[in-house]
$ cat structure.pdb   # PDB, C-alpha atoms
ATOM      1  CA  MET J   1      47.477 -13.627   8.203
ATOM      2  CA  THR J   2      50.701 -14.553   9.899
ATOM      3  CA  HIS J   3      51.770 -18.075  10.791
ATOM      4  CA  ASN J   4      51.475 -17.129  14.448
ATOM      5  CA  GLU J   5      47.854 -16.058  14.057
ATOM      6  CA  LYS J   6      46.948 -19.240  12.205
ATOM      7  CA  GLN J   7      48.523 -21.251  14.973
ATOM      8  CA  LYS J   8      46.575 -19.310  17.601
ATOM      9  CA  LEU J   9      43.298 -20.142  15.851
ATOM     10  CA  GLU J  10      44.189 -23.846  15.617
ATOM     11  CA  GLU J  11      45.041 -23.840  19.319
ATOM     12  CA  LEU J  12      41.661 -22.282  20.036
ATOM     13  CA  LEU J  13      39.937 -25.050  18.094
ATOM     14  CA  THR J  14      41.744 -27.720  20.094
ATOM     15  CA  ALA J  15      40.977 -25.903  23.328
ATOM     16  CA  VAL J  16      37.256 -25.645  22.604
ATOM     17  CA  GLU J  17      37.090 -29.336  21.701
ATOM     18  CA  GLN J  18      38.524 -30.160  25.101
ATOM     19  CA  ARG J  19      36.391 -27.651  26.979
ATOM     20  CA  VAL J  20      33.052 -28.638  25.357
ATOM     21  CA  PRO J  21      33.497 -32.213  24.089
ATOM     22  CA  GLY J  22      31.376 -33.243  21.122
ATOM     23  CA  ALA J  23      30.178 -29.712  20.328
ATOM     24  CA  ILE J  24      32.217 -29.211  17.171
ATOM     25  CA  GLU J  25      30.694 -30.714  14.037
ATOM     26  CA  GLY J  26      33.393 -29.567  11.681
ATOM     27  CA  SER J  27      35.649 -26.729  10.588
ATOM     28  CA  GLU J  28      36.708 -24.979   7.378
ATOM     29  CA  ARG J  29      39.539 -22.604   6.558
ATOM     30  CA  PRO J  30      38.419 -20.483   3.596
ATOM     31  CA  TYR J  31      41.021 -17.770   2.824
ATOM     32  CA  ASP J  32      42.870 -18.653   6.070
ATOM     33  CA  ASP J  33      39.839 -17.702   8.174
ATOM     34  CA  LEU J  34      38.663 -20.258  10.675
ATOM     35  CA  VAL J  35      35.001 -21.270  10.413
ATOM     36  CA  ILE J  36      33.653 -23.630  13.050
ATOM     37  CA  LEU J  37      30.389 -25.540  12.754
ATOM     38  CA  VAL J  38      28.871 -26.007  16.197
ATOM     39  CA  LYS J  39      25.940 -28.114  17.397
ATOM     40  CA  ARG J  40      22.982 -25.990  18.397
ATOM     41  CA  ALA J  41      22.602 -27.481  21.883
ATOM     42  CA  GLN J  42      26.123 -26.449  22.882
ATOM     43  CA  CYS J  43      26.490 -23.221  20.899
ATOM     44  CA  HIS J  44      25.930 -20.956  23.923
ATOM     45  CA  GLU J  45      28.660 -22.733  25.872
ATOM     46  CA  VAL J  46      31.091 -22.580  22.939
ATOM     47  CA  LEU J  47      30.431 -18.892  22.246
ATOM     48  CA  LYS J  48      30.867 -18.062  25.930
ATOM     49  CA  PHE J  49      34.232 -19.823  25.819
ATOM     50  CA  PHE J  50      35.314 -17.730  22.839
ATOM     51  CA  ARG J  51      34.268 -14.573  24.672
ATOM     52  CA  GLU J  52      36.505 -15.603  27.562
ATOM     53  CA  GLN J  53      39.329 -16.241  25.074
ATOM     54  CA  GLY J  54      39.343 -12.592  24.054
ATOM     55  CA  PHE J  55      36.722 -12.415  21.266
ATOM     56  CA  ASP J  56      35.220  -9.281  22.760
ATOM     57  CA  LEU J  57      33.440  -8.012  19.636
ATOM     58  CA  LEU J  58      30.427  -9.721  18.117
ATOM     59  CA  SER J  59      30.337  -7.966  14.732
ATOM     60  CA  ASP J  60      27.087  -9.488  13.534
ATOM     61  CA  ILE J  61      24.775 -12.447  13.595
ATOM     62  CA  ALA J  62      23.815 -13.376  10.046
ATOM     63  CA  GLY J  63      20.920 -15.623   9.132
ATOM     64  CA  VAL J  64      21.002 -17.821   6.042
ATOM     65  CA  ASP J  65      18.048 -19.457   4.305
ATOM     66  CA  LEU J  66      19.271 -22.496   2.363
ATOM     67  CA  LEU J  67      15.931 -23.306   0.735
ATOM     68  CA  GLY J  68      16.612 -25.030  -2.569
ATOM     69  CA  VAL J  69      20.186 -25.806  -1.588
ATOM     70  CA  GLU J  70      21.167 -29.386  -0.763
ATOM     71  CA  HIS J  71      21.817 -29.026   2.946
ATOM     72  CA  LYS J  72      21.009 -30.850   6.165
ATOM     73  CA  ASP J  73      18.886 -28.069   7.678
ATOM     74  CA  ARG J  74      17.083 -25.220   5.998
ATOM     75  CA  PHE J  75      18.492 -22.395   8.131
ATOM     76  CA  GLN J  76      21.886 -21.441   9.407
ATOM     77  CA  LEU J  77      23.171 -18.782  11.816
ATOM     78  CA  VAL J  78      26.623 -17.273  11.430
ATOM     79  CA  TYR J  79      28.220 -15.535  14.410
ATOM     80  CA  ILE J  80      31.014 -13.234  13.275
ATOM     81  CA  LEU J  81      33.511 -12.714  16.085
ATOM     82  CA  TYR J  82      36.538 -10.465  16.359
ATOM     83  CA  SER J  83      39.211 -10.133  18.972
ATOM     84  CA  ILE J  84      40.352  -6.535  19.234
ATOM     85  CA  ALA J  85      43.431  -7.296  21.380
ATOM     86  CA  ASN J  86      44.718 -10.190  19.225
ATOM     87  CA  ASP J  87      43.375  -9.028  15.806
ATOM     88  CA  LEU J  88      41.784 -12.409  15.149
ATOM     89  CA  ARG J  89      38.616 -13.231  13.263
ATOM     90  CA  LEU J  90      36.427 -16.267  13.769
ATOM     91  CA  ARG J  91      33.112 -17.416  12.389
ATOM     92  CA  VAL J  92      30.831 -19.823  14.200
ATOM     93  CA  LYS J  93      28.032 -21.497  12.249
ATOM     94  CA  VAL J  94      24.992 -23.210  13.716
ATOM     95  CA  ASN J  95      22.505 -25.272  11.696
ATOM     96  CA  VAL J  96      18.847 -24.685  12.531
ATOM     97  CA  PRO J  97      16.038 -26.914  11.186
ATOM     98  CA  GLU J  98      12.809 -25.355   9.904
ATOM     99  CA  ASP J  99      10.453 -27.159  12.293
ATOM    100  CA  ASP J 100      12.303 -26.102  15.462
ATOM    101  CA  MET J 101      13.950 -22.694  15.292
ATOM    102  CA  ASN J 102      14.821 -22.249  18.956
ATOM    103  CA  VAL J 103      18.381 -21.056  19.510
ATOM    104  CA  PRO J 104      19.865 -19.963  22.860
ATOM    105  CA  SER J 105      20.338 -16.189  23.000
ATOM    106  CA  VAL J 106      23.870 -14.857  23.422
ATOM    107  CA  SER J 107      22.704 -11.402  24.516
ATOM    108  CA  ASP J 108      23.991 -12.234  27.996
ATOM    109  CA  ILE J 109      27.506 -12.688  26.517
ATOM    110  CA  TRP J 110      27.649  -9.697  24.132
ATOM    111  CA  HIS J 111      25.293  -6.703  24.431
ATOM    112  CA  SER J 112      25.480  -6.227  20.658
ATOM    113  CA  ALA J 113      23.682  -9.546  20.250
ATOM    114  CA  ASN J 114      20.466  -7.901  21.454
ATOM    115  CA  TRP J 115      19.747  -6.023  18.208
ATOM    116  CA  ALA J 116      21.511  -8.559  15.961
ATOM    117  CA  GLU J 117      19.242 -11.322  17.235
ATOM    118  CA  ARG J 118      16.170  -9.128  16.842
ATOM    119  CA  GLU J 119      17.147  -8.616  13.209
ATOM    120  CA  ALA J 120      17.640 -12.356  12.639
ATOM    121  CA  TYR J 121      14.246 -12.945  14.242
ATOM    122  CA  ASP J 122      12.609 -10.250  12.125
ATOM    123  CA  MET J 123      14.073 -11.380   8.808
ATOM    124  CA  PHE J 124      14.130 -15.185   9.209
ATOM    125  CA  GLY J 125      12.057 -16.113  12.264
ATOM    126  CA  PHE J 126      14.754 -17.574  14.518
ATOM    127  CA  HIS J 127      13.508 -17.796  18.079
ATOM    128  CA  PHE J 128      16.208 -16.795  20.532
ATOM    129  CA  GLU J 129      15.504 -18.274  23.937
ATOM    130  CA  GLY J 130      16.315 -15.968  26.833
ATOM    131  CA  HIS J 131      16.360 -12.764  24.773
ATOM    132  CA  PRO J 132      15.156  -9.791  26.879
ATOM    133  CA  ASN J 133      13.002  -8.249  24.122
ATOM    134  CA  LEU J 134      12.569 -10.456  21.065
ATOM    135  CA  SER J 135      10.532  -8.112  18.845
ATOM    136  CA  ARG J 136      10.839  -6.933  15.254
ATOM    137  CA  ILE J 137      13.502  -4.310  14.685
ATOM    138  CA  LEU J 138      13.304  -3.393  10.979
ATOM    139  CA  CYS J 139       9.828  -4.338   9.797
ATOM    140  CA  HIS J 140       6.674  -2.951  11.413
ATOM    141  CA  SER J 141       5.240  -4.925  14.311
ATOM    142  CA  GLU J 142       2.132  -5.622  12.177
ATOM    143  CA  PHE J 143       4.243  -7.284   9.455
ATOM    144  CA  GLU J 144       3.359 -10.945   8.886
ATOM    145  CA  GLY J 145       5.962 -13.470   7.810
ATOM    146  CA  HIS J 146       9.707 -13.061   7.540
ATOM    147  CA  ALA J 147      10.963 -10.967   4.672
ATOM    148  CA  LEU J 148      14.346 -12.553   3.908
ATOM    149  CA  ARG J 149      13.036 -16.104   3.722
ATOM    150  CA  LYS J 150      13.416 -17.434   0.219
ATOM    151  CA  ASP J 151       9.703 -18.311   0.020
ATOM    152  CA  TYR J 152       8.525 -14.789   0.981
ATOM    153  CA  PRO J 153       7.305 -12.943  -2.141
ATOM    154  CA  ILE J 154       9.930 -10.209  -2.250
ATOM    155  CA  MET J 155       7.642  -7.518  -3.700
ATOM    156  CA  LYS J 156       4.781  -8.128  -1.277
ATOM    157  CA  GLY J 157       4.422  -5.004   0.832
ATOM    158  CA  GLN J 158       2.233  -4.819   3.920
ATOM    159  CA  TRP J 159       0.464  -1.657   5.051
ATOM    160  CA  ALA J 160       1.061  -0.516   8.593
ATOM    161  CA  THR J 161      -1.780   1.242  10.440
ATOM    162  CA  THR J 162      -0.006   2.723  13.453
ATOM    163  CA  SER J 163       3.255   4.511  14.100
ATOM    164  CA  THR J 164       5.579   2.909  16.609
ATOM    165  CA  ASP J 165       6.555   4.959  19.645
ATOM    166  CA  LEU J 166      10.292   4.470  20.050
ATOM    167  CA  MET J 167      10.516   6.273  23.396
ATOM    168  CA  SER J 168       9.213   3.195  25.240
ATOM    169  CA  HIS J 169      12.009   1.134  23.611
ATOM    170  CA  LEU J 170      14.607   3.583  24.874
ATOM    171  CA  GLU J 171      13.264   3.461  28.397
ATOM    172  CA  GLU J 172      13.410  -0.366  28.406
ATOM    173  CA  GLU J 173      17.023  -0.399  27.310
TER     174      GLU J 173
ATOM    175  CA  MET R   1       3.112  41.452  -8.472
ATOM    176  CA  GLY R   2       0.387  40.101 -10.652
ATOM    177  CA  VAL R   3      -2.863  40.169  -8.683
ATOM    178  CA  LYS R   4      -5.605  39.463 -11.197
ATOM    179  CA  GLY R   5      -8.509  41.889 -11.598
ATOM    180  CA  THR R   6      -6.627  44.771 -10.015
ATOM    181  CA  THR R   7      -7.427  48.283 -11.082
ATOM    182  CA  VAL R   8      -5.754  51.390  -9.804
ATOM    183  CA  THR R   9      -8.509  53.924  -9.308
ATOM    184  CA  LYS R  10      -6.562  56.787  -7.865
ATOM    185  CA  ALA R  11      -2.855  56.380  -8.408
ATOM    186  CA  GLU R  12      -1.855  59.436  -6.432
ATOM    187  CA  THR R  13      -3.621  58.252  -3.245
ATOM    188  CA  GLY R  14      -2.511  54.624  -3.660
ATOM    189  CA  VAL R  15      -6.029  53.161  -3.644
ATOM    190  CA  VAL R  16      -6.506  49.943  -5.564
ATOM    191  CA  THR R  17      -9.527  47.709  -5.965
ATOM    192  CA  THR R  18      -9.432  43.964  -6.544
ATOM    193  CA  ARG R  19     -11.162  40.734  -5.561
ATOM    194  CA  MET R  20     -10.599  39.209  -2.116
ATOM    195  CA  ASP R  21     -10.132  35.756  -3.649
ATOM    196  CA  GLU R  22      -7.308  36.962  -5.848
ATOM    197  CA  VAL R  23      -5.479  38.695  -3.021
ATOM    198  CA  ILE R  24      -5.646  35.579  -0.861
ATOM    199  CA  LYS R  25      -4.336  33.388  -3.675
ATOM    200  CA  TRP R  26      -1.588  35.903  -4.429
ATOM    201  CA  GLY R  27      -0.518  35.839  -0.798
ATOM    202  CA  ARG R  28      -0.594  32.087  -0.533
ATOM    203  CA  LYS R  29       1.330  31.274  -3.655
ATOM    204  CA  ASN R  30       4.119  33.710  -2.872
ATOM    205  CA  SER R  31       4.637  32.695   0.733
ATOM    206  CA  LEU R  32       4.699  28.898   0.829
ATOM    207  CA  TRP R  33       6.261  27.595   4.032
ATOM    208  CA  PRO R  34       7.861  24.232   3.312
ATOM    209  CA  LEU R  35       8.106  21.329   5.717
ATOM    210  CA  PRO R  36      10.967  19.101   4.575
ATOM    211  CA  PHE R  37       9.934  15.486   5.112
ATOM    212  CA  GLY R  38      13.420  14.299   4.235
ATOM    213  CA  THR R  39      14.202  10.611   4.559
ATOM    214  CA  ALA R  40      17.035  10.117   2.071
ATOM    215  CA  CYS R  41      19.479  11.791  -0.312
ATOM    216  CA  CYS R  42      16.796  14.001  -1.938
ATOM    217  CA  ALA R  43      16.752  15.933   1.350
ATOM    218  CA  ILE R  44      20.420  16.795   0.776
ATOM    219  CA  GLU R  45      19.491  18.097  -2.677
ATOM    220  CA  PHE R  46      16.701  20.120  -1.095
ATOM    221  CA  MET R  47      19.299  21.823   1.141
ATOM    222  CA  GLY R  48      21.013  22.921  -2.058
ATOM    223  CA  VAL R  49      17.758  24.434  -3.299
ATOM    224  CA  VAL R  50      17.322  26.401  -0.093
ATOM    225  CA  SER R  51      20.928  27.614  -0.044
ATOM    226  CA  ALA R  52      22.278  30.728  -1.766
ATOM    227  CA  GLU R  53      23.381  29.012  -4.991
ATOM    228  CA  PHE R  54      19.809  28.303  -6.117
ATOM    229  CA  ASP R  55      17.914  30.293  -3.469
ATOM    230  CA  ILE R  56      14.322  29.147  -3.129
ATOM    231  CA  SER R  57      13.527  32.480  -1.417
ATOM    232  CA  ARG R  58      13.410  34.106  -4.855
ATOM    233  CA  PHE R  59      10.038  32.360  -5.116
ATOM    234  CA  GLY R  60       8.939  33.121  -1.557
ATOM    235  CA  ALA R  61       9.272  29.585  -0.224
ATOM    236  CA  GLU R  62      12.419  29.866   1.876
ATOM    237  CA  LEU R  63      10.900  29.766   5.351
ATOM    238  CA  VAL R  64      11.574  26.110   6.129
ATOM    239  CA  ARG R  65       9.681  24.958   9.203
ATOM    240  CA  PHE R  66      10.128  21.687  11.028
ATOM    241  CA  SER R  67       6.674  21.689  12.560
ATOM    242  CA  PRO R  68       3.653  20.724  10.430
ATOM    243  CA  ARG R  69       1.581  23.274  12.365
ATOM    244  CA  GLN R  70       3.719  26.120  11.033
ATOM    245  CA  SER R  71       3.942  25.097   7.392
ATOM    246  CA  ASP R  72       1.640  24.631   4.432
ATOM    247  CA  MET R  73       3.748  22.700   1.903
ATOM    248  CA  ILE R  74       5.190  19.256   2.636
ATOM    249  CA  ILE R  75       8.167  18.355   0.497
ATOM    250  CA  VAL R  76       8.497  14.574   0.723
ATOM    251  CA  ALA R  77      12.133  14.062  -0.199
ATOM    252  CA  GLY R  78      13.216  10.448  -0.051
ATOM    253  CA  THR R  79      12.218   6.813   0.249
ATOM    254  CA  ILE R  80       9.063   6.196   2.252
ATOM    255  CA  ASN R  81       8.800   2.666   3.592
ATOM    256  CA  TYR R  82       5.730   0.954   4.984
ATOM    257  CA  LYS R  83       6.851   1.605   8.555
ATOM    258  CA  MET R  84       7.134   5.325   7.782
ATOM    259  CA  GLY R  85       3.692   5.422   6.098
ATOM    260  CA  PRO R  86       1.540   6.093   9.197
ATOM    261  CA  ILE R  87       4.012   8.773  10.326
ATOM    262  CA  LEU R  88       3.789  10.624   7.005
ATOM    263  CA  LYS R  89      -0.009  10.397   7.129
ATOM    264  CA  ARG R  90      -0.065  11.815  10.648
ATOM    265  CA  ILE R  91       2.289  14.680   9.761
ATOM    266  CA  TYR R  92       0.109  15.481   6.736
ATOM    267  CA  ASP R  93      -3.009  15.517   8.917
ATOM    268  CA  GLN R  94      -1.352  18.015  11.277
ATOM    269  CA  VAL R  95      -0.595  20.567   8.553
ATOM    270  CA  CYS R  96      -3.065  23.471   8.574
ATOM    271  CA  GLU R  97      -5.310  24.073   5.576
ATOM    272  CA  PRO R  98      -4.730  24.952   2.802
ATOM    273  CA  LYS R  99      -1.949  22.414   2.431
ATOM    274  CA  TYR R 100       0.093  21.271  -0.523
ATOM    275  CA  VAL R 101       2.298  18.241  -1.114
ATOM    276  CA  VAL R 102       5.346  18.039  -3.353
ATOM    277  CA  SER R 103       6.662  14.546  -4.024
ATOM    278  CA  MET R 104      10.366  14.953  -4.678
ATOM    279  CA  GLY R 105      12.376  12.308  -6.494
ATOM    280  CA  ALA R 106      11.853   8.819  -7.884
ATOM    281  CA  CYS R 107      11.505   7.106  -4.486
ATOM    282  CA  ALA R 108       8.694   9.311  -3.170
ATOM    283  CA  CYS R 109       6.915   9.286  -6.560
ATOM    284  CA  SER R 110       7.083   5.574  -7.349
ATOM    285  CA  GLY R 111       9.342   3.747  -4.907
ATOM    286  CA  GLY R 112      12.329   4.317  -7.192
ATOM    287  CA  PHE R 113      14.453   1.245  -7.609
ATOM    288  CA  TYR R 114      13.247  -0.135  -4.278
ATOM    289  CA  ASP R 115      10.634  -2.498  -5.687
ATOM    290  CA  ASN R 116      10.468  -4.663  -2.569
ATOM    291  CA  TYR R 117       8.506  -5.618   0.553
ATOM    292  CA  ALA R 118       9.689  -2.572   2.529
ATOM    293  CA  THR R 119       9.027   0.404   0.255
ATOM    294  CA  ILE R 120       5.765   2.164  -0.588
ATOM    295  CA  GLN R 121       5.438   2.397  -4.370
ATOM    296  CA  GLY R 122       4.494   6.082  -4.437
ATOM    297  CA  ILE R 123       3.312   8.323  -1.596
ATOM    298  CA  ASN R 124       0.136   9.180  -3.498
ATOM    299  CA  GLN R 125      -1.187   5.916  -2.060
ATOM    300  CA  ILE R 126      -1.290   7.602   1.374
ATOM    301  CA  ILE R 127      -1.619  11.362   0.851
ATOM    302  CA  PRO R 128      -2.764  13.529  -2.087
ATOM    303  CA  VAL R 129       0.140  14.917  -4.102
ATOM    304  CA  ASP R 130       0.042  18.253  -5.961
ATOM    305  CA  VAL R 131       3.334  18.129  -7.833
ATOM    306  CA  PHE R 132       5.600  15.194  -8.678
ATOM    307  CA  ILE R 133       9.293  15.829  -9.367
ATOM    308  CA  PRO R 134      11.120  13.083 -11.281
ATOM    309  CA  GLY R 135      14.848  12.490 -10.908
ATOM    310  CA  CYS R 136      17.256  10.615  -8.728
ATOM    311  CA  PRO R 137      17.822  13.070  -7.202
ATOM    312  CA  PRO R 138      16.152  15.907  -9.153
ATOM    313  CA  ARG R 139      18.260  18.907 -10.100
ATOM    314  CA  PRO R 140      17.607  22.004  -7.922
ATOM    315  CA  GLU R 141      16.097  23.686 -10.983
ATOM    316  CA  ALA R 142      13.500  20.911 -11.092
ATOM    317  CA  VAL R 143      12.496  21.680  -7.500
ATOM    318  CA  LEU R 144      12.187  25.378  -8.343
ATOM    319  CA  ASP R 145      10.083  24.397 -11.355
ATOM    320  CA  ALA R 146       7.835  22.405  -9.022
ATOM    321  CA  ILE R 147       7.364  25.495  -6.841
ATOM    322  CA  LEU R 148       6.370  27.486  -9.934
ATOM    323  CA  LYS R 149       3.980  24.710 -11.029
ATOM    324  CA  LEU R 150       2.433  24.695  -7.566
ATOM    325  CA  GLN R 151       2.050  28.483  -7.706
ATOM    326  CA  GLN R 152       0.232  28.143 -11.032
ATOM    327  CA  LYS R 153      -2.014  25.501  -9.515
ATOM    328  CA  ILE R 154      -2.845  27.715  -6.521
ATOM    329  CA  ASP R 155      -3.520  30.565  -8.917
ATOM    330  CA  ARG R 156      -5.994  28.715 -11.132
ATOM    331  CA  THR R 157      -8.011  26.932  -8.426
ATOM    332  CA  PRO R 158     -10.560  28.821  -6.277
ATOM    333  CA  ALA R 159      -9.221  29.862  -2.878
ATOM    334  CA  ARG R 160     -10.334  27.390  -0.236
TER     335      ARG R 160
END
$ encode --input "structure.pdb" --output "structure tokens"
Amino acid sequence: MTHNEKQKLEELLTAVEQRVPGAIEGSERPYDDLVILVKRAQCHEVLKFFREQGFDLLSDIAGVDLLGVEHKDRFQLVYILYSIANDLRLRVKVNVPEDDMNVPSVSDIWHSANWAEREAYDMFGFHFEGHPNLSRILCHSEFEGHALRKDYPIMKGQWATTSTDLMSHLEEE
Amino acid sequence: MGVKGTTVTKAETGVVTTRMDEVIKWGRKNSLWPLPFGTACCAIEFMGVVSAEFDISRFGAELVRFSPRQSDMIIVAGTINYKMGPILKRIYDQVCEPKYVVSMGACACSGGFYDNYATIQGINQIIPVDVFIPGCPPRPEAVLDAILKLQQKIDRTPAR
């Protein structure tokens, strides 16, 4: 990463702190990447700002279960952003407590968030408020629990009784 | 071509006598129409079996059909997960009698190395299997061997 790119990222961090005051909880720079920890209440506003700043590609939304790890909250969401025009990468992390897993949906900012959020819901149980169709995407709709949670017995399979008709999904989207 | 109980009574007129049962079995075992239920890399290996190099048509099973209503042998080639389970069951139900199932590869037989919440640990938990083929993926010769084993099985059981 060039000096210029590093500087651009630092400028972005300053800009977002001015635009949404008090939203940034902290930042890290592992391997010259910028990782920003954002408060959950303001994460939609912050992510929208980054979209306006040229981060036009939301590569993925990753869920993390920190059960057994010394950490403030059990869950974490990682938004992996990329700016095609400026060739910049940015990660935004949001802490989510176990007893209240509501997170504002960013599917109105990036269309790719639609399926990424469904996956995070399916695997971890995050509840994305404002999502147009928050249903399971990988596991069967009859599946109970969330498979990638650390306390889900990894070998416990669940029989499905019906086949899902995907045509209705296509018509909705 | 090996129809049991056949006797040629009048060679010059071409009249032969045999048992109906044996003729039916002979016809069935030498004209299996496979339905490839391919979900993973074993399906790629199955393409090799069908192609000229190994040539499944030498054993009369080359007419691959993609409709269960036109086939009588399902070759389940690949990982079957719990979400796919009801679909496989439904496809099996749609195949006309008499129907046969070949479970191809480690995943279809036992879940393979996918010992997790998503994968069915052997398709015999949903549908009856006639021949299991081990391997990851099996060699084409192993698939041909399974066809021969299935032919033997058809031959020794009474025609349904």
$ resolve_selection --input "structure.pdb" --expression "the PyMOL selection byres ((chain R and resi 70) around 12)" --output "NGL selection string"
:R and (32-36 or 63-69 or 71-74 or 91 or 94-99)
$ atom_distance --input "structure.pdb" --atom1 "atom CA of Leu47 of chain J" --atom2 "atom CA of Glu70 of chain J"
26.9 Å
$ interface_residues --input "structure.pdb" --of "chain R" --to "chain J" --cutoff "9 Å" --atoms "all atoms listed in the file" --output "list in words"
Tyr82, Lys83, Met84, Gly85, Pro86, Ile87, Arg90, Asp115, Asn116, Tyr117, Ala118, Thr119 and Ile120 of chain R
$ resolve_selection --input "structure.pdb" --expression "the PyMOL selection byres ((chain J and resi 20) around 12)" --output "JSON, numbers by chain"
{"J": [12, 13, 14, 15, 16, 17, 18, 19, 21, 22, 23, 24, 25, 38, 39, 41, 42, 43, 44, 45, 46, 47, 48, 49, 50]}
$ atom_distance --input "structure.pdb" --atom1 "atom CA of Cys42 of chain R" --atom2 "atom CA of Asp165 of chain J"
25.5 Å
$ atom_distance --input "structure.pdb" --atom1 "atom CA of Phe55 of chain J" --atom2 "atom CA of Glu11 of chain J"
14.3 Å
$ residues_around --input "structure.pdb" --residues "Glu141 of chain R" --least-positions-apart "3" --cutoff "12 Å" --atoms "all atoms listed in the file" --output "ChimeraX atom specification"
/R:45-46,48-50,53-56,133-135,137-138,144-148
$ resolve_selection --input "structure.pdb" --expression "the PyMOL selection byres ((chain J and resi 99-106) around 10)" --output "PyMOL selection string"
chain J and resi 40-45+47-48+58+73-77+94-98+107-114+117+121+124-132+134
$ closest_residue --input "structure.pdb" --among "J:Leu81, J:Ser59, J:Arg89, J:Leu66" --to "Asp32 of chain J" --atoms "only C-alpha atoms"
J:Arg89
